[in-house]
>>> print(open('work_38.txt').read())   # compact mmCIF, C-alpha atoms and all ligand atoms
# COMPACT_ATOMS: atom_id res chain seq x y z
CA MET F 1 18.88 31.67 -9.37
CA ALA F 2 16.47 32.60 -12.14
CA ARG F 3 13.01 33.54 -10.92
CA ARG F 4 10.58 30.75 -11.61
CA LYS F 5 6.86 30.50 -11.36
CA LYS F 6 5.70 28.61 -8.28
CA LEU F 7 2.81 26.37 -9.26
CA TYR F 8 2.04 24.58 -6.00
CA GLU F 9 3.34 24.40 -2.46
CA GLY F 10 2.61 21.30 -0.43
CA LYS F 11 3.65 20.25 3.08
CA ALA F 12 7.06 18.85 2.07
CA LYS F 13 7.63 20.01 -1.50
CA ILE F 14 7.20 22.92 -3.88
CA LEU F 15 6.52 22.57 -7.60
CA TYR F 16 7.86 25.18 -10.02
CA GLU F 17 7.35 25.56 -13.73
CA GLY F 18 10.01 23.54 -15.57
CA PRO F 19 12.39 24.66 -18.30
CA GLU F 20 10.55 22.76 -21.06
CA PRO F 21 6.84 22.22 -21.67
CA GLY F 22 5.66 19.11 -19.85
CA THR F 23 8.33 19.40 -17.15
CA LEU F 24 8.31 20.70 -13.58
CA VAL F 25 10.94 21.34 -10.94
CA GLN F 26 10.24 19.59 -7.66
CA TYR F 27 11.88 21.25 -4.63
CA PHE F 28 12.23 19.25 -1.38
CA LYS F 29 11.70 21.31 1.79
CA ASP F 30 13.02 20.53 5.27
CA ASP F 31 9.51 20.82 6.72
CA ALA F 32 8.15 17.75 8.48
CA THR F 33 4.46 17.41 9.24
CA ALA F 34 2.35 14.65 10.72
CA PHE F 35 -1.26 14.03 11.69
CA ASN F 36 -2.56 16.17 8.85
CA ALA F 37 -0.09 19.00 9.72
CA GLN F 38 -1.18 19.23 13.38
CA LYS F 39 2.45 18.39 14.27
CA LYS F 40 5.11 20.42 12.44
CA ASP F 41 8.85 21.00 12.58
CA VAL F 42 11.79 21.87 10.37
CA ILE F 43 14.38 19.06 10.17
CA GLU F 44 17.63 20.38 8.75
CA GLY F 45 18.83 18.22 5.87
CA LYS F 46 15.59 16.24 5.38
CA GLY F 47 14.87 17.80 1.99
CA VAL F 48 18.37 17.04 0.73
CA LEU F 49 18.11 13.41 1.87
CA ASN F 50 14.66 12.87 0.38
CA ASN F 51 15.74 14.41 -2.92
CA ARG F 52 18.64 11.93 -3.12
CA LEU F 53 16.65 8.94 -1.89
CA SER F 54 13.72 9.59 -4.21
CA GLU F 55 16.19 9.89 -7.12
CA PHE F 56 17.74 6.57 -6.09
CA PHE F 57 14.42 4.69 -5.94
CA MET F 58 12.92 6.27 -9.07
CA ASN F 59 16.09 5.52 -11.08
CA GLY F 60 16.07 1.94 -9.85
CA LEU F 61 12.42 1.57 -10.83
CA SER F 62 13.11 2.91 -14.34
CA GLN F 63 15.90 0.37 -14.68
CA ILE F 64 13.41 -2.46 -14.17
CA GLY F 65 10.89 -0.91 -16.54
CA VAL F 66 8.56 0.77 -14.04
CA PRO F 67 7.73 4.20 -15.48
CA THR F 68 8.20 7.21 -13.19
CA HIS F 69 8.02 11.00 -13.44
CA PHE F 70 11.73 11.42 -12.56
CA LEU F 71 13.95 12.95 -15.26
CA LYS F 72 17.08 14.14 -13.45
CA ARG F 73 18.34 15.67 -10.24
CA ILE F 74 19.20 19.33 -10.69
CA ASN F 75 20.89 20.11 -7.37
CA MET F 76 20.75 19.20 -3.68
CA ARG F 77 17.08 20.03 -3.25
CA GLU F 78 15.60 20.01 -6.73
CA GLN F 79 14.79 17.49 -9.40
CA LEU F 80 13.35 17.79 -12.88
CA ILE F 81 10.19 15.74 -13.29
CA ARG F 82 7.54 15.11 -15.92
CA SER F 83 4.35 17.01 -15.43
CA VAL F 84 1.52 14.54 -14.78
CA GLU F 85 -2.15 14.66 -13.96
CA ILE F 86 -2.10 13.32 -10.41
CA ILE F 87 -4.80 10.76 -9.68
CA PRO F 88 -6.35 12.02 -6.42
CA LEU F 89 -5.65 8.79 -4.53
CA GLU F 90 -2.88 7.70 -2.20
CA VAL F 91 -1.93 4.12 -3.00
CA ILE F 92 -0.72 2.28 0.10
CA VAL F 93 0.95 -1.12 0.03
CA ARG F 94 1.35 -3.05 3.27
CA ASN F 95 3.51 -6.09 3.95
CA TYR F 96 3.26 -6.05 7.75
CA ALA F 97 0.54 -4.56 9.97
CA ALA F 98 1.28 -1.08 11.32
CA GLY F 99 -0.27 2.36 11.65
CA THR F 100 -3.88 2.78 10.68
CA LEU F 101 -4.27 -0.87 9.59
CA SER F 102 -3.31 -2.01 13.08
CA GLU F 103 -5.70 0.51 14.62
CA ARG F 104 -8.56 -0.36 12.29
CA LEU F 105 -8.33 -4.14 12.57
CA GLY F 106 -6.74 -4.53 16.00
CA LEU F 107 -3.63 -6.21 14.56
CA GLU F 108 -0.38 -6.08 16.49
CA GLU F 109 2.19 -3.90 14.73
CA GLY F 110 4.71 -6.07 12.89
CA THR F 111 2.31 -8.93 12.13
CA LEU F 112 3.20 -10.40 8.72
CA LEU F 113 0.21 -10.04 6.39
CA PRO F 114 -0.93 -13.09 4.37
CA ARG F 115 0.05 -11.20 1.20
CA PRO F 116 0.79 -7.58 0.27
CA ILE F 117 -2.38 -5.53 0.70
CA VAL F 118 -3.10 -2.51 -1.51
CA GLU F 119 -5.33 0.23 -0.12
CA PHE F 120 -6.56 3.51 -1.59
CA CYS F 121 -7.11 6.75 0.32
CA LEU F 122 -8.69 9.86 -1.13
CA LYS F 123 -6.19 12.72 -1.27
CA ASP F 124 -8.16 15.30 0.69
CA ASP F 125 -6.52 17.01 3.67
CA ASN F 126 -9.84 18.47 4.86
CA LEU F 127 -11.18 14.94 5.27
CA GLY F 128 -7.88 13.51 6.59
CA ASP F 129 -7.24 11.36 3.47
CA PRO F 130 -9.99 8.77 4.18
CA LEU F 131 -9.69 5.13 3.13
CA VAL F 132 -11.96 4.50 0.15
CA ALA F 133 -13.19 1.37 -1.59
CA GLU F 134 -12.87 0.63 -5.30
CA GLU F 135 -16.64 1.14 -5.52
CA HIS F 136 -16.27 4.74 -4.34
CA ILE F 137 -13.38 5.38 -6.72
CA ILE F 138 -15.28 4.22 -9.76
CA ALA F 139 -18.66 5.63 -8.76
CA PHE F 140 -17.21 9.09 -8.08
CA GLY F 141 -14.99 8.99 -11.18
CA TRP F 142 -11.63 9.45 -9.40
CA ALA F 143 -10.24 6.65 -11.59
CA THR F 144 -11.57 3.97 -13.94
CA GLN F 145 -11.52 0.22 -13.39
CA GLN F 146 -8.64 -0.02 -15.90
CA ASP F 147 -6.73 2.69 -13.96
CA LEU F 148 -7.29 0.75 -10.75
CA ASP F 149 -5.97 -2.47 -12.26
CA ASP F 150 -2.93 -0.59 -13.59
CA MET F 151 -2.38 1.15 -10.24
CA VAL F 152 -2.43 -2.12 -8.31
CA ALA F 153 0.01 -3.67 -10.79
CA LEU F 154 2.35 -0.66 -10.56
CA ALA F 155 2.14 -0.54 -6.77
CA LEU F 156 2.98 -4.24 -6.45
CA ARG F 157 6.00 -3.86 -8.75
CA VAL F 158 7.19 -0.91 -6.65
CA ASN F 159 6.66 -3.07 -3.56
CA ASP F 160 8.77 -5.93 -4.95
CA PHE F 161 11.54 -3.56 -5.96
CA MET F 162 11.54 -1.57 -2.73
CA SER F 163 11.26 -4.68 -0.53
CA GLY F 164 14.31 -6.17 -2.29
CA CYS F 165 16.35 -2.97 -2.05
CA MET F 166 15.62 -2.71 1.65
CA LEU F 167 16.09 -6.38 2.48
CA ALA F 168 19.56 -6.21 0.91
CA VAL F 169 20.57 -3.60 3.48
CA GLY F 170 18.91 -5.16 6.52
CA ILE F 171 15.72 -3.12 6.47
CA ARG F 172 12.13 -4.39 6.45
CA LEU F 173 9.72 -2.50 4.18
CA VAL F 174 6.62 -2.55 6.38
CA ASP F 175 4.44 -0.35 4.18
CA PHE F 176 4.56 2.68 1.92
CA LYS F 177 2.47 5.19 0.06
CA ILE F 178 2.89 6.26 -3.55
CA GLU F 179 1.07 8.63 -5.82
CA ILE F 180 0.40 7.88 -9.44
CA GLY F 181 -0.03 10.28 -12.35
CA ARG F 182 -1.49 10.12 -15.81
CA VAL F 183 0.57 11.16 -18.85
CA TRP F 184 -0.63 11.43 -22.43
CA GLU F 185 1.42 10.14 -25.32
CA GLY F 186 -0.53 11.11 -28.44
CA ASP F 187 -4.00 9.66 -27.94
CA PHE F 188 -2.75 7.12 -25.44
CA GLN F 189 -2.53 7.60 -21.73
CA ARG F 190 -0.39 5.70 -19.29
CA LEU F 191 0.08 5.72 -15.56
CA ILE F 192 3.45 6.44 -14.00
CA VAL F 193 4.83 6.67 -10.47
CA ALA F 194 4.89 10.32 -9.37
CA ASP F 195 5.45 12.50 -6.25
CA GLU F 196 8.30 10.99 -4.21
CA ILE F 197 9.49 7.73 -2.69
CA SER F 198 11.38 8.41 0.52
CA PRO F 199 11.34 7.54 4.23
CA ASP F 200 8.66 10.24 4.58
CA SER F 201 6.20 7.91 2.90
CA CYS F 202 7.47 4.44 3.93
CA ARG F 203 7.72 2.47 7.15
CA LEU F 204 11.26 1.07 7.39
CA TRP F 205 12.34 -1.08 10.32
CA ASP F 206 15.81 -2.41 10.97
CA ILE F 207 15.51 -6.19 10.60
CA GLU F 208 17.81 -7.00 13.54
CA THR F 209 16.67 -4.46 16.11
CA GLY F 210 13.25 -3.30 14.89
CA LYS F 211 14.52 0.29 15.11
CA LYS F 212 12.36 2.65 13.08
CA LEU F 213 14.13 4.50 10.26
CA ASP F 214 11.22 6.46 8.81
CA LYS F 215 8.82 9.31 9.52
CA ASP F 216 7.38 7.49 12.55
CA VAL F 217 10.56 8.71 14.32
CA PHE F 218 9.05 12.19 14.02
CA ARG F 219 5.38 11.20 14.40
CA ARG F 220 6.10 9.24 17.61
CA ASP F 221 9.00 11.35 19.01
CA LEU F 222 11.51 8.49 18.78
CA GLY F 223 14.68 10.51 18.11
CA ASN F 224 16.37 12.48 15.37
CA LEU F 225 14.64 12.11 12.03
CA ALA F 226 17.58 13.26 9.88
CA ASP F 227 19.84 10.70 11.60
CA ALA F 228 17.34 7.94 10.72
CA TYR F 229 17.11 9.02 7.05
CA THR F 230 20.90 9.37 6.89
CA GLU F 231 21.19 5.77 8.09
CA VAL F 232 18.89 4.59 5.28
CA ALA F 233 20.83 6.62 2.67
CA ARG F 234 24.17 5.38 3.99
CA ARG F 235 23.12 1.71 3.90
CA LEU F 236 21.83 2.09 0.34
CA GLY F 237 25.12 3.64 -0.74
CA VAL F 238 23.48 6.98 -1.49
CA LEU F 239 25.84 8.57 1.05
CA PRO F 240 29.44 7.72 1.92
CA THR F 241 29.49 4.77 4.33
CA ASN F 242 31.24 6.84 7.02
CA ALA F 243 28.31 9.30 7.26
CA THR F 244 26.73 8.21 10.52
CA HIS F 245 25.05 11.43 11.64
CA ALA F 246 22.49 13.72 10.12
CA VAL F 247 23.99 14.89 6.89
CA LYS F 248 24.62 18.61 6.47
CA PRO F 249 23.40 19.85 3.11
CA THR F 250 26.96 20.80 2.14
CA LEU F 251 28.20 17.22 2.41
CA ILE F 252 26.50 15.96 -0.71
CA ASN F 253 26.01 17.55 -4.08
P1 LIG G 301 -0.93 4.63 7.69
O1 LIG G 301 -2.21 4.50 6.91
O2 LIG G 301 -0.63 3.43 8.50
O3 LIG G 301 -0.89 5.92 8.47
O4 LIG G 301 0.24 4.79 6.61
C1 LIG G 301 0.61 3.73 5.77
C2 LIG G 301 1.86 4.13 5.00
O5 LIG G 301 1.58 5.17 4.08
C3 LIG G 301 2.98 4.68 5.90
O6 LIG G 301 4.22 4.25 5.37
C4 LIG G 301 2.86 6.19 5.79
O7 LIG G 301 4.12 6.81 5.91
C5 LIG G 301 2.31 6.34 4.37
N1 LIG G 301 1.37 7.46 4.29
C6 LIG G 301 0.04 7.44 4.50
N2 LIG G 301 -0.50 8.67 4.32
C7 LIG G 301 0.53 9.48 4.01
C8 LIG G 301 0.61 10.89 3.72
O8 LIG G 301 -0.39 11.63 3.69
N3 LIG G 301 1.86 11.38 3.47
C9 LIG G 301 2.97 10.58 3.48
N4 LIG G 301 4.16 11.14 3.25
N5 LIG G 301 2.91 9.25 3.73
C10 LIG G 301 1.71 8.71 4.00
>>> encode(input="work_38.txt", output="structure tokens")
Amino acid sequence: MARRKKLYEGKAKILYEGPEPGTLVQYFKDDATAFNAQKKDVIEGKGVLNNRLSEFFMNGLSQIGVPTHFLKRINMREQLIRSVEIIPLEVIVRNYAAGTLSERLGLEEGTLLPRPIVEFCLKDDNLGDPLVAEEHIIAFGWATQQDLDDMVALALRVNDFMSGCMLAVGIRLVDFKIEIGRVWEGDFQRLIVADEISPDSCRLWDIETGKKLDKDVFRRDLGNLADAYTEVARRLGVLPTNATHAVKPTLIN
């Protein structure tokens, strides 16, 4: 493989310089981390599954007119993406109480929320990605009021799309996190969905059994993470329907 310039290495992905200006190559690693990287492991096949799943969701979003950074999948672990200026906020959408919302407000996990709730966390590992209010975001200049309005609108469209996709295959979308980036088109800027959408950044529960099919399997030691992600990919038709166990990277191209 041609030698490429590594631009950034995160916990689950690496970004390389892309073949054309304004593009990047996003490489999905098998590394799993939780609790701000205090818990770590390597889960064989996770990167391959997340590459395919993120492609699936980003393509679906484009088809309904939600702009994303995804251009094309290059191989099992890599995809070509648009280079964006990442807004330093994690955008979380919640449909049911779970995780830090349950802890913060004393809500039982699985409680249906009155409506989808959008939260913002500052992307800062040293601080543990703290929850921030719109007041902080605007006062500190992380985004403008217009950006915030656009981010909420984008996040809710992603929520509708993802909730529908999951419901169709018997999975409840409890919550998820996305990242949003800014791109410039001439003098105009617009916000697009960036980073990844995969079971690493969603809570997905089987509707019938409540079984968790997302990164909580790793965070809470509930079983084999690759098996859970394989189940999601299989139900969505991203993998052959007879693939019931953790997919080996050689099984899919
Ligand atoms: P919570 O705030 O309850 O921990 O997380 C809410 C949702 O956002 C969950 O679906 C969780 O997976 C996702 N999420 C929150 N922070 C992160 C993060 O730093 N990385 C990833 N991959 N997902 C996150």
>>> closest_atom_pairs(input="work_38.txt", of="chain F", to="ligand LIG 301 (chain G)", cutoff="6 Å", atoms="all atoms listed in the file", output="JSON lines")
{"residue": "F:Ile92", "atom": "CA", "partner": "G:LIG301", "partner_atom": "O5", "distance": 5.4}
{"residue": "F:Ala98", "atom": "CA", "partner": "G:LIG301", "partner_atom": "O2", "distance": 5.7}
{"residue": "F:Gly99", "atom": "CA", "partner": "G:LIG301", "partner_atom": "O2", "distance": 3.3}
{"residue": "F:Thr100", "atom": "CA", "partner": "G:LIG301", "partner_atom": "O2", "distance": 4.0}
{"residue": "F:Leu101", "atom": "CA", "partner": "G:LIG301", "partner_atom": "O2", "distance": 5.7}
{"residue": "F:Asp175", "atom": "CA", "partner": "G:LIG301", "partner_atom": "O6", "distance": 4.8}
{"residue": "F:Phe176", "atom": "CA", "partner": "G:LIG301", "partner_atom": "O6", "distance": 3.8}
{"residue": "F:Lys177", "atom": "CA", "partner": "G:LIG301", "partner_atom": "O5", "distance": 4.1}
{"residue": "F:Asp200", "atom": "CA", "partner": "G:LIG301", "partner_atom": "N4", "distance": 4.8}
{"residue": "F:Ser201", "atom": "CA", "partner": "G:LIG301", "partner_atom": "N5", "distance": 3.6}
{"residue": "F:Cys202", "atom": "CA", "partner": "G:LIG301", "partner_atom": "O6", "distance": 3.6}
{"residue": "F:Arg203", "atom": "CA", "partner": "G:LIG301", "partner_atom": "O6", "distance": 4.3}
>>> write_last_selection(input="work_38.txt", atoms="C-alpha atoms", output="mmCIF file, in the frame of the given file")
data_model
loop_
_atom_site.group_PDB
_atom_site.id
_atom_site.type_symbol
_atom_site.label_atom_id
_atom_site.label_comp_id
_atom_site.auth_asym_id
_atom_site.auth_seq_id
_atom_site.Cartn_x
_atom_site.Cartn_y
_atom_site.Cartn_z
ATOM 1 C CA ILE F 92 -0.720 2.280 0.100
ATOM 2 C CA ALA F 98 1.280 -1.080 11.320
ATOM 3 C CA GLY F 99 -0.270 2.360 11.650
ATOM 4 C CA THR F 100 -3.880 2.780 10.680
ATOM 5 C CA LEU F 101 -4.270 -0.870 9.590
ATOM 6 C CA ASP F 175 4.440 -0.350 4.180
ATOM 7 C CA PHE F 176 4.560 2.680 1.920
ATOM 8 C CA LYS F 177 2.470 5.190 0.060
ATOM 9 C CA ASP F 200 8.660 10.240 4.580
ATOM 10 C CA SER F 201 6.200 7.910 2.900
ATOM 11 C CA CYS F 202 7.470 4.440 3.930
ATOM 12 C CA ARG F 203 7.720 2.470 7.150
#
>>> closest_residue(input="work_38.txt", among="F:Arg73, F:Ile192, F:Met151, F:Leu131", to="F:Phe56", atoms="all atoms listed in the file")
F:Arg73
>>> closest_residue(input="work_38.txt", among="F:Asp124, F:Leu167, F:Val25, F:Arg77", to="F:Lys46", atoms="only C-alpha atoms")
F:Arg77
>>> residues_near_point(input="work_38.txt", point="(16.8, -1.6, 5.7)", cutoff="9 Å", atoms="all atoms listed in the file", output="PyMOL selection string")
chain F and resi 163+165-173+204-207+213+231-232+235-236
>>> closest_atom_pairs(input="work_38.txt", of="stretch 136-160 of chain F", to="stretch 65-70 of chain F", cutoff="8 Å", atoms="only C-alpha atoms", output="JSON lines")
{"residue": "F:Leu154", "atom": "CA", "partner": "F:Val66", "partner_atom": "CA", "distance": 7.3}
{"residue": "F:Arg157", "atom": "CA", "partner": "F:Val66", "partner_atom": "CA", "distance": 7.5}
{"residue": "F:Val158", "atom": "CA", "partner": "F:Val66", "partner_atom": "CA", "distance": 7.7}
>>> atom_distance(input="work_38.txt", atom1="atom CA of F:Asp195", atom2="atom CA of F:Thr33")
16.3 Å
>>> residues_around(input="work_38.txt", residues="F:Ala194", least_positions_apart="6", cutoff="12 Å", atoms="all atoms listed in the file", output="PyMOL selection string")
chain F and resi 24+26+54-55+57-58+61+66-71+80-91+151+154-155+158+177-183
>>> atom_distance(input="work_38.txt", atom1="atom CA of F:Lys29", atom2="atom CA of F:Gln79")
12.2 Å
>>> atom_distance(input="work_38.txt", atom1="atom CA of F:Cys121", atom2="atom CA of F:Ile197")
16.9 Å
>>> residues_around(input="work_38.txt", residues="F:Ile43", least_positions_apart="2", cutoff="12 Å", atoms="only C-alpha atoms", output="number ranges by chain")
F: 12, 28-33, 40-41, 45-50, 200, 215, 217-218, 223-229, 246-249
>>> closest_residue(input="work_38.txt", among="F:Ala153, F:Val132, F:Phe35, F:Val174", to="F:Leu113", atoms="all atoms listed in the file")
F:Val174
